file work12.txt (compact mmCIF, C-alpha atoms and all ligand atoms)
# COMPACT_ATOMS: atom_id res chain seq x y z
CA MET A 1 0.00 0.00 0.00
CA LYS A 2 2.82 2.37 0.86
CA ILE A 3 4.61 1.83 -2.48
CA GLU A 4 1.30 2.28 -4.26
CA THR A 5 0.78 5.68 -2.58
CA HIS A 6 4.24 6.91 -3.53
CA ILE A 7 3.94 5.69 -7.13
CA ARG A 8 0.66 7.61 -7.39
CA GLU A 9 2.53 10.80 -6.46
CA ILE A 10 5.25 10.10 -9.05
CA ILE A 11 2.66 9.47 -11.76
CA LYS A 12 0.89 12.77 -10.89
CA GLU A 13 4.16 14.55 -11.66
CA ILE A 14 4.50 12.80 -15.02
CA ASP A 15 0.90 12.83 -16.29
CA PRO A 16 -1.63 14.48 -13.94
CA ASN A 17 -4.66 14.22 -16.26
CA ASN A 18 -4.87 10.64 -17.44
CA ASP A 19 -7.63 8.46 -15.93
CA GLY A 20 -6.11 5.44 -17.64
CA LEU A 21 -3.33 5.52 -15.06
CA ASP A 22 -5.66 5.05 -12.10
CA LYS A 23 -4.88 1.38 -11.51
CA THR A 24 -1.23 1.68 -12.50
CA PRO A 25 0.14 2.32 -8.98
CA ALA A 26 -1.46 -0.91 -7.72
CA ARG A 27 -0.05 -2.83 -10.69
CA ILE A 28 3.43 -1.42 -10.17
CA SER A 29 3.28 -2.22 -6.48
CA LYS A 30 2.37 -5.82 -7.31
CA SER A 31 5.20 -6.01 -9.86
CA TYR A 32 7.64 -4.76 -7.22
CA ASP A 33 6.57 -7.59 -4.90
CA GLU A 34 7.76 -9.93 -7.62
CA PHE A 35 10.89 -8.01 -8.73
CA PHE A 36 12.13 -7.62 -5.17
CA SER A 37 10.94 -10.88 -3.65
CA GLY A 38 14.57 -11.80 -2.99
CA TYR A 39 14.60 -9.69 0.17
CA LYS A 40 12.05 -12.06 1.67
CA THR A 41 13.87 -15.18 0.51
CA ASP A 42 16.26 -16.85 2.92
CA VAL A 43 18.92 -18.65 0.94
CA SER A 44 19.32 -21.27 3.68
CA GLN A 45 15.67 -22.22 3.09
CA ILE A 46 16.40 -22.80 -0.60
CA ALA A 47 19.61 -24.73 -0.02
CA ASN A 48 18.25 -27.12 2.57
CA THR A 49 18.49 -30.52 0.90
CA PHE A 50 21.79 -32.16 0.04
CA TYR A 51 22.87 -35.55 -1.23
CA ASP A 52 26.11 -37.36 -0.47
CA SER A 53 28.35 -37.72 -3.49
CA GLU A 54 31.85 -38.81 -4.37
CA MET A 55 31.64 -36.73 -7.54
CA ASN A 56 34.95 -34.98 -7.98
CA ASP A 57 34.56 -32.96 -11.15
CA TRP A 58 32.59 -29.95 -12.36
CA VAL A 59 28.86 -29.81 -11.72
CA ILE A 60 27.61 -26.91 -13.84
CA LEU A 61 24.23 -25.39 -14.57
CA LYS A 62 24.64 -23.13 -17.54
CA ASN A 63 22.39 -20.67 -19.40
CA ILE A 64 20.28 -19.76 -16.37
CA PRO A 65 18.31 -16.70 -17.48
CA PHE A 66 17.65 -14.05 -14.87
CA GLU A 67 16.14 -10.61 -14.49
CA SER A 68 17.28 -8.11 -11.94
CA HIS A 69 17.18 -4.34 -11.37
CA CYS A 70 20.17 -2.07 -11.03
CA GLU A 71 20.38 -0.25 -7.74
CA HIS A 72 21.48 3.01 -9.37
CA HIS A 73 18.55 3.48 -11.75
CA MET A 74 16.03 0.76 -10.82
CA VAL A 75 15.82 -0.35 -14.43
CA PRO A 76 16.17 -3.95 -15.64
CA ILE A 77 19.30 -6.01 -15.89
CA VAL A 78 18.55 -8.98 -18.17
CA GLY A 79 21.08 -11.71 -18.54
CA VAL A 80 22.31 -15.24 -18.34
CA SER A 81 24.28 -16.86 -15.57
CA HIS A 82 26.38 -20.00 -15.43
CA ILE A 83 27.26 -21.51 -12.11
CA GLY A 84 29.37 -24.50 -11.19
CA TYR A 85 31.19 -26.23 -8.39
CA ILE A 86 33.37 -29.20 -7.72
CA PRO A 87 31.72 -31.10 -4.86
CA ASN A 88 33.40 -31.74 -1.57
CA GLY A 89 31.26 -34.67 -0.41
CA LYS A 90 27.80 -33.30 -1.13
CA ILE A 91 25.70 -32.08 -4.03
CA ILE A 92 22.49 -30.09 -4.32
CA GLY A 93 19.53 -30.30 -6.74
CA ALA A 94 20.05 -28.42 -10.01
CA SER A 95 16.82 -26.44 -9.61
CA LYS A 96 18.11 -25.14 -6.29
CA LEU A 97 21.07 -23.63 -8.12
CA ALA A 98 18.66 -21.69 -10.33
CA ARG A 99 16.68 -20.57 -7.29
CA ILE A 100 19.85 -19.29 -5.60
CA VAL A 101 20.42 -17.08 -8.67
CA ASP A 102 16.85 -15.75 -8.45
CA CYS A 103 17.13 -15.11 -4.73
CA PHE A 104 19.90 -12.58 -5.40
CA ALA A 105 18.62 -11.33 -8.77
CA HIS A 106 15.28 -10.37 -7.25
CA ARG A 107 16.82 -7.52 -5.32
CA LEU A 108 18.25 -4.13 -6.26
CA GLN A 109 21.66 -5.13 -7.52
CA LEU A 110 25.10 -4.41 -8.79
CA GLN A 111 26.09 -7.24 -11.11
CA GLU A 112 29.52 -7.42 -9.49
CA ARG A 113 28.00 -7.91 -6.04
CA MET A 114 25.40 -10.38 -7.25
CA THR A 115 28.13 -12.50 -8.85
CA MET A 116 30.07 -12.61 -5.59
CA GLU A 117 27.00 -13.27 -3.48
CA ILE A 118 26.11 -16.31 -5.58
CA GLY A 119 29.69 -17.60 -5.49
CA LYS A 120 30.14 -17.17 -1.75
CA THR A 121 26.74 -18.71 -1.04
CA LEU A 122 27.69 -21.83 -3.01
CA GLU A 123 31.00 -22.10 -1.15
CA LEU A 124 29.16 -21.85 2.15
CA VAL A 125 26.22 -24.17 1.60
CA LEU A 126 28.21 -26.81 -0.31
CA ASN A 127 31.29 -26.52 1.89
CA THR A 128 33.57 -26.35 -1.15
CA GLN A 129 36.31 -23.96 -2.17
CA LYS A 130 35.88 -24.79 -5.85
CA VAL A 131 33.18 -22.58 -7.29
CA GLY A 132 32.81 -20.64 -10.53
CA VAL A 133 30.18 -18.08 -11.52
CA HIS A 134 29.94 -16.30 -14.87
CA ILE A 135 27.28 -13.68 -15.57
CA GLU A 136 26.64 -11.85 -18.79
CA ALA A 137 23.89 -9.23 -18.89
CA GLU A 138 22.46 -6.21 -20.62
CA HIS A 139 21.80 -3.24 -18.36
CA PHE A 140 18.93 -1.03 -19.45
CA CYS A 141 20.65 1.94 -17.81
CA ILE A 142 23.38 1.51 -20.44
CA SER A 143 21.22 0.45 -23.39
CA HIS A 144 18.09 2.60 -22.93
CA ARG A 145 19.34 5.83 -21.40
CA GLY A 146 22.53 7.85 -21.12
CA VAL A 147 25.11 6.41 -23.52
CA LYS A 148 22.44 4.16 -25.14
CA LYS A 149 24.73 1.33 -26.11
CA HIS A 150 22.30 -1.34 -27.23
CA GLY A 151 23.65 -4.83 -27.07
CA ALA A 152 26.59 -3.99 -24.81
CA LYS A 153 27.09 -6.94 -22.49
CA PHE A 154 28.48 -6.63 -19.00
CA ILE A 155 30.47 -9.69 -17.92
CA THR A 156 31.43 -10.56 -14.37
CA MET A 157 33.05 -13.65 -12.90
CA TYR A 158 33.68 -15.12 -9.53
CA PHE A 159 36.10 -17.93 -8.76
CA SER A 160 36.96 -19.37 -5.38
CA GLN A 161 40.42 -18.22 -4.40
CA GLU A 162 41.69 -21.78 -4.18
CA LEU A 163 40.50 -22.66 -7.67
CA LYS A 164 43.52 -23.36 -9.86
CA SER A 165 43.83 -21.59 -13.21
CA GLU A 166 43.38 -24.82 -15.25
CA LEU A 167 40.04 -25.37 -13.53
CA ARG A 168 39.00 -21.76 -14.16
CA LYS A 169 39.84 -22.20 -17.84
CA GLU A 170 37.94 -25.47 -17.94
CA PHE A 171 34.87 -23.83 -16.41
CA LEU A 172 34.99 -20.95 -18.90
CA THR A 173 35.43 -23.33 -21.84
CA ILE A 174 32.39 -25.34 -20.77
CA VAL A 175 30.13 -22.35 -20.22
CA ALA A 176 31.21 -20.68 -23.48
CA ALA A 177 30.61 -23.84 -25.57
ZN ZN A 201 22.01 1.48 -13.59
call {"tool": "encode", "arguments": {"input": "work12.txt", "output": "structure tokens"}}
result
Amino acid sequence: MKIETHIREIIKEIDPNNDGLDKTPARISKSYDEFFSGYKTDVSQIANTFYDSEMNDWVILKNIPFESHCEHHMVPIVGVSHIGYIPNGKIIGASKLARIVDCFAHRLQLQERMTMEIGKTLELVLNTQKVGVHIEAEHFCISHRGVKKHGAKFITMYFSQELKSELRKEFLTIVAA
């Protein structure tokens, strides 16, 4: 209700005489519940089921689409993420990996921070120091305003500090294939 009230004030500044906008504040408020649902999501609730595994090589979920919003302009960030880890005794369901991405994407974000948050979360919940995250995204604040560079892709990566350079290269080769 509070967001709805404030949006109504903003809309009055933009277009004070348009009846068609009457229900817009309620719609925007509802959209925000969805866009920013990550603040209500506890990552430990998502990552709560594990399976024992002797797997000792990359487990990767690639091409995970996501939508976020930049914290500087509150406009969309639309991209694709690839996340992987080398297990240290336990694995997690693949869908949970995608939900971890959404948990952080559905907040006001900086892509750099989001990349690190996902990486550090995987290290923590999977108790492994072998994690890779690669995110490639278009930022509407770059493509639709200001410099207006359509199609410019912002790329960020996170690797666990202990991850050797051959394994980093291997991860990048797999996600780029
Ligand atoms: Zn921005």
call {"tool": "closest_atom_pairs", "arguments": {"input": "work12.txt", "of": "chain A", "to": "ligand ZN 201 (chain A)", "cutoff": "6 Å", "atoms": "only C-alpha atoms and all ligand atoms", "output": "Markdown table"}}
result
| residue | atom | partner | partner_atom | distance |
| --- | --- | --- | --- | --- |
| A:Cys70 | CA | A:ZN201 | ZN | 4.7 |
| A:His72 | CA | A:ZN201 | ZN | 4.5 |
| A:His73 | CA | A:ZN201 | ZN | 4.4 |
| A:Cys141 | CA | A:ZN201 | ZN | 4.5 |
call {"tool": "atom_distance", "arguments": {"input": "work12.txt", "atom1": "atom CA of A:Asn88", "atom2": "atom CA of A:Ile60"}}
result
14.4 Å
call {"tool": "closest_residue", "arguments": {"input": "work12.txt", "among": "A:Ala26, A:Ile92, A:Ile174, A:Leu61", "to": "A:Asn48", "atoms": "all atoms listed in the file"}}
result
A:Ile92
call {"tool": "residues_around", "arguments": {"input": "work12.txt", "residues": "A:Lys130", "least_positions_apart": "5", "cutoff": "7 Å", "atoms": "all atoms listed in the file", "output": "PyMOL selection string"}}
result
chain A and resi 85-86+160+162-163
call {"tool": "write_last_selection", "arguments": {"input": "work12.txt", "atoms": "C-alpha atoms", "output": "compact mmCIF listing (two decimals), in the frame of the given file"}}
result
# COMPACT_ATOMS: atom_id res chain seq x y z
CA TYR A 85 31.19 -26.23 -8.39
CA ILE A 86 33.37 -29.20 -7.72
CA SER A 160 36.96 -19.37 -5.38
CA GLU A 162 41.69 -21.78 -4.18
CA LEU A 163 40.50 -22.66 -7.67
call {"tool": "residues_around", "arguments": {"input": "work12.txt", "residues": "A:Leu126", "least_positions_apart": "4", "cutoff": "12 Å", "atoms": "all atoms listed in the file", "output": "PyMOL selection string"}}
result
chain A and resi 44+47-53+59+84-93+96-97+118-122+130-131
call {"tool": "atom_distance", "arguments": {"input": "work12.txt", "atom1": "atom CA of A:Glu67", "atom2": "atom CA of A:Phe35"}}
result
8.2 Å
call {"tool": "atom_distance", "arguments": {"input": "work12.txt", "atom1": "atom CA of A:His82", "atom2": "atom CA of A:Lys30"}}
result
29.0 Å
call {"tool": "residues_around", "arguments": {"input": "work12.txt", "residues": "stretch 98-109 of chain A", "least_positions_apart": "3", "cutoff": "8 Å", "atoms": "only C-alpha atoms", "output": "list in words"}}
result
Glu34, Phe35, Phe36, Ser37, Gly38, Tyr39, Thr41, Asp42, Val43, Ile46, Ala47, Leu61, Ile64, Phe66, Glu67, Ser68, His69, Cys70, Glu71, Met74, Ser81, Ala94, Ser95, Arg113, Met114, Glu117 and Ile118 of chain A
call {"tool": "closest_residue", "arguments": {"input": "work12.txt", "among": "A:Pro16, A:Pro65, A:Gly151, A:Pro25", "to": "A:Lys2", "atoms": "only C-alpha atoms"}}
result
A:Pro25
call {"tool": "axis_aligned_box", "arguments": {"input": "work12.txt", "around": "stretch 161-165 of chain A", "padding_each_side": "4 Å", "output": "JSON"}}
result
{"center_x": 42.1, "center_y": -20.8, "center_z": -8.7, "size_x": 11.4, "size_y": 13.1, "size_z": 17.0}
call {"tool": "decode", "arguments": {"input": "work12.txt", "residues": "stretch 30-170 of chain A", "atoms": "C-alpha atoms", "output": "short mmCIF file (atom, residue, chain, number, x, y, z; two decimals), in the first residue's frame"}}
result
data_model
loop_
_atom_site.label_atom_id
_atom_site.label_comp_id
_atom_site.auth_asym_id
_atom_site.auth_seq_id
_atom_site.Cartn_x
_atom_site.Cartn_y
_atom_site.Cartn_z
CA LYS A 30 2.37 -5.82 -7.31
CA SER A 31 5.20 -6.01 -9.86
CA TYR A 32 7.64 -4.76 -7.22
CA ASP A 33 6.57 -7.59 -4.90
CA GLU A 34 7.76 -9.93 -7.62
CA PHE A 35 10.89 -8.01 -8.73
CA PHE A 36 12.13 -7.62 -5.17
CA SER A 37 10.94 -10.88 -3.65
CA GLY A 38 14.57 -11.80 -2.99
CA TYR A 39 14.60 -9.69 0.17
CA LYS A 40 12.05 -12.06 1.67
CA THR A 41 13.87 -15.18 0.51
CA ASP A 42 16.26 -16.85 2.92
CA VAL A 43 18.92 -18.65 0.94
CA SER A 44 19.32 -21.27 3.68
CA GLN A 45 15.67 -22.22 3.09
CA ILE A 46 16.40 -22.80 -0.60
CA ALA A 47 19.61 -24.73 -0.02
CA ASN A 48 18.25 -27.12 2.57
CA THR A 49 18.49 -30.52 0.90
CA PHE A 50 21.79 -32.16 0.04
CA TYR A 51 22.87 -35.55 -1.23
CA ASP A 52 26.11 -37.36 -0.47
CA SER A 53 28.35 -37.72 -3.49
CA GLU A 54 31.85 -38.81 -4.37
CA MET A 55 31.64 -36.73 -7.54
CA ASN A 56 34.95 -34.98 -7.98
CA ASP A 57 34.56 -32.96 -11.15
CA TRP A 58 32.59 -29.95 -12.36
CA VAL A 59 28.86 -29.81 -11.72
CA ILE A 60 27.61 -26.91 -13.84
CA LEU A 61 24.23 -25.39 -14.57
CA LYS A 62 24.64 -23.13 -17.54
CA ASN A 63 22.39 -20.67 -19.40
CA ILE A 64 20.28 -19.76 -16.37
CA PRO A 65 18.31 -16.70 -17.48
CA PHE A 66 17.65 -14.05 -14.87
CA GLU A 67 16.14 -10.61 -14.49
CA SER A 68 17.28 -8.11 -11.94
CA HIS A 69 17.18 -4.34 -11.37
CA CYS A 70 20.17 -2.07 -11.03
CA GLU A 71 20.38 -0.25 -7.74
CA HIS A 72 21.48 3.01 -9.37
CA HIS A 73 18.55 3.48 -11.75
CA MET A 74 16.03 0.76 -10.82
CA VAL A 75 15.82 -0.35 -14.43
CA PRO A 76 16.17 -3.95 -15.64
CA ILE A 77 19.30 -6.01 -15.89
CA VAL A 78 18.55 -8.98 -18.17
CA GLY A 79 21.08 -11.71 -18.54
CA VAL A 80 22.31 -15.24 -18.34
CA SER A 81 24.28 -16.86 -15.57
CA HIS A 82 26.38 -20.00 -15.43
CA ILE A 83 27.26 -21.51 -12.11
CA GLY A 84 29.37 -24.50 -11.19
CA TYR A 85 31.19 -26.23 -8.39
CA ILE A 86 33.37 -29.20 -7.72
CA PRO A 87 31.72 -31.10 -4.86
CA ASN A 88 33.40 -31.74 -1.57
CA GLY A 89 31.26 -34.67 -0.41
CA LYS A 90 27.80 -33.30 -1.13
CA ILE A 91 25.70 -32.08 -4.03
CA ILE A 92 22.49 -30.09 -4.32
CA GLY A 93 19.53 -30.30 -6.74
CA ALA A 94 20.05 -28.42 -10.01
CA SER A 95 16.82 -26.44 -9.61
CA LYS A 96 18.11 -25.14 -6.29
CA LEU A 97 21.07 -23.63 -8.12
CA ALA A 98 18.66 -21.69 -10.33
CA ARG A 99 16.68 -20.57 -7.29
CA ILE A 100 19.85 -19.29 -5.60
CA VAL A 101 20.42 -17.08 -8.67
CA ASP A 102 16.85 -15.75 -8.45
CA CYS A 103 17.13 -15.11 -4.73
CA PHE A 104 19.90 -12.58 -5.40
CA ALA A 105 18.62 -11.33 -8.77
CA HIS A 106 15.28 -10.37 -7.25
CA ARG A 107 16.82 -7.52 -5.32
CA LEU A 108 18.25 -4.13 -6.26
CA GLN A 109 21.66 -5.13 -7.52
CA LEU A 110 25.10 -4.41 -8.79
CA GLN A 111 26.09 -7.24 -11.11
CA GLU A 112 29.52 -7.42 -9.49
CA ARG A 113 28.00 -7.91 -6.04
CA MET A 114 25.40 -10.38 -7.25
CA THR A 115 28.13 -12.50 -8.85
CA MET A 116 30.07 -12.61 -5.59
CA GLU A 117 27.00 -13.27 -3.48
CA ILE A 118 26.11 -16.31 -5.58
CA GLY A 119 29.69 -17.60 -5.49
CA LYS A 120 30.14 -17.17 -1.75
CA THR A 121 26.74 -18.71 -1.04
CA LEU A 122 27.69 -21.83 -3.01
CA GLU A 123 31.00 -22.10 -1.15
CA LEU A 124 29.16 -21.85 2.15
CA VAL A 125 26.22 -24.17 1.60
CA LEU A 126 28.21 -26.81 -0.31
CA ASN A 127 31.29 -26.52 1.89
CA THR A 128 33.57 -26.35 -1.15
CA GLN A 129 36.31 -23.96 -2.17
CA LYS A 130 35.88 -24.79 -5.85
CA VAL A 131 33.18 -22.58 -7.29
CA GLY A 132 32.81 -20.64 -10.53
CA VAL A 133 30.18 -18.08 -11.52
CA HIS A 134 29.94 -16.30 -14.87
CA ILE A 135 27.28 -13.68 -15.57
CA GLU A 136 26.64 -11.85 -18.79
CA ALA A 137 23.89 -9.23 -18.89
CA GLU A 138 22.46 -6.21 -20.62
CA HIS A 139 21.80 -3.24 -18.36
CA PHE A 140 18.93 -1.03 -19.45
CA CYS A 141 20.65 1.94 -17.81
CA ILE A 142 23.38 1.51 -20.44
CA SER A 143 21.22 0.45 -23.39
CA HIS A 144 18.09 2.60 -22.93
CA ARG A 145 19.34 5.83 -21.40
CA GLY A 146 22.53 7.85 -21.12
CA VAL A 147 25.11 6.41 -23.52
CA LYS A 148 22.44 4.16 -25.14
CA LYS A 149 24.73 1.33 -26.11
CA HIS A 150 22.30 -1.34 -27.23
CA GLY A 151 23.65 -4.83 -27.07
CA ALA A 152 26.59 -3.99 -24.81
CA LYS A 153 27.09 -6.94 -22.49
CA PHE A 154 28.48 -6.63 -19.00
CA ILE A 155 30.47 -9.69 -17.92
CA THR A 156 31.43 -10.56 -14.37
CA MET A 157 33.05 -13.65 -12.90
CA TYR A 158 33.68 -15.12 -9.53
CA PHE A 159 36.10 -17.93 -8.76
CA SER A 160 36.96 -19.37 -5.38
CA GLN A 161 40.42 -18.22 -4.40
CA GLU A 162 41.69 -21.78 -4.18
CA LEU A 163 40.50 -22.66 -7.67
CA LYS A 164 43.52 -23.36 -9.86
CA SER A 165 43.83 -21.59 -13.21
CA GLU A 166 43.38 -24.82 -15.25
CA LEU A 167 40.04 -25.37 -13.53
CA ARG A 168 39.00 -21.76 -14.16
CA LYS A 169 39.84 -22.20 -17.84
CA GLU A 170 37.94 -25.47 -17.94
#
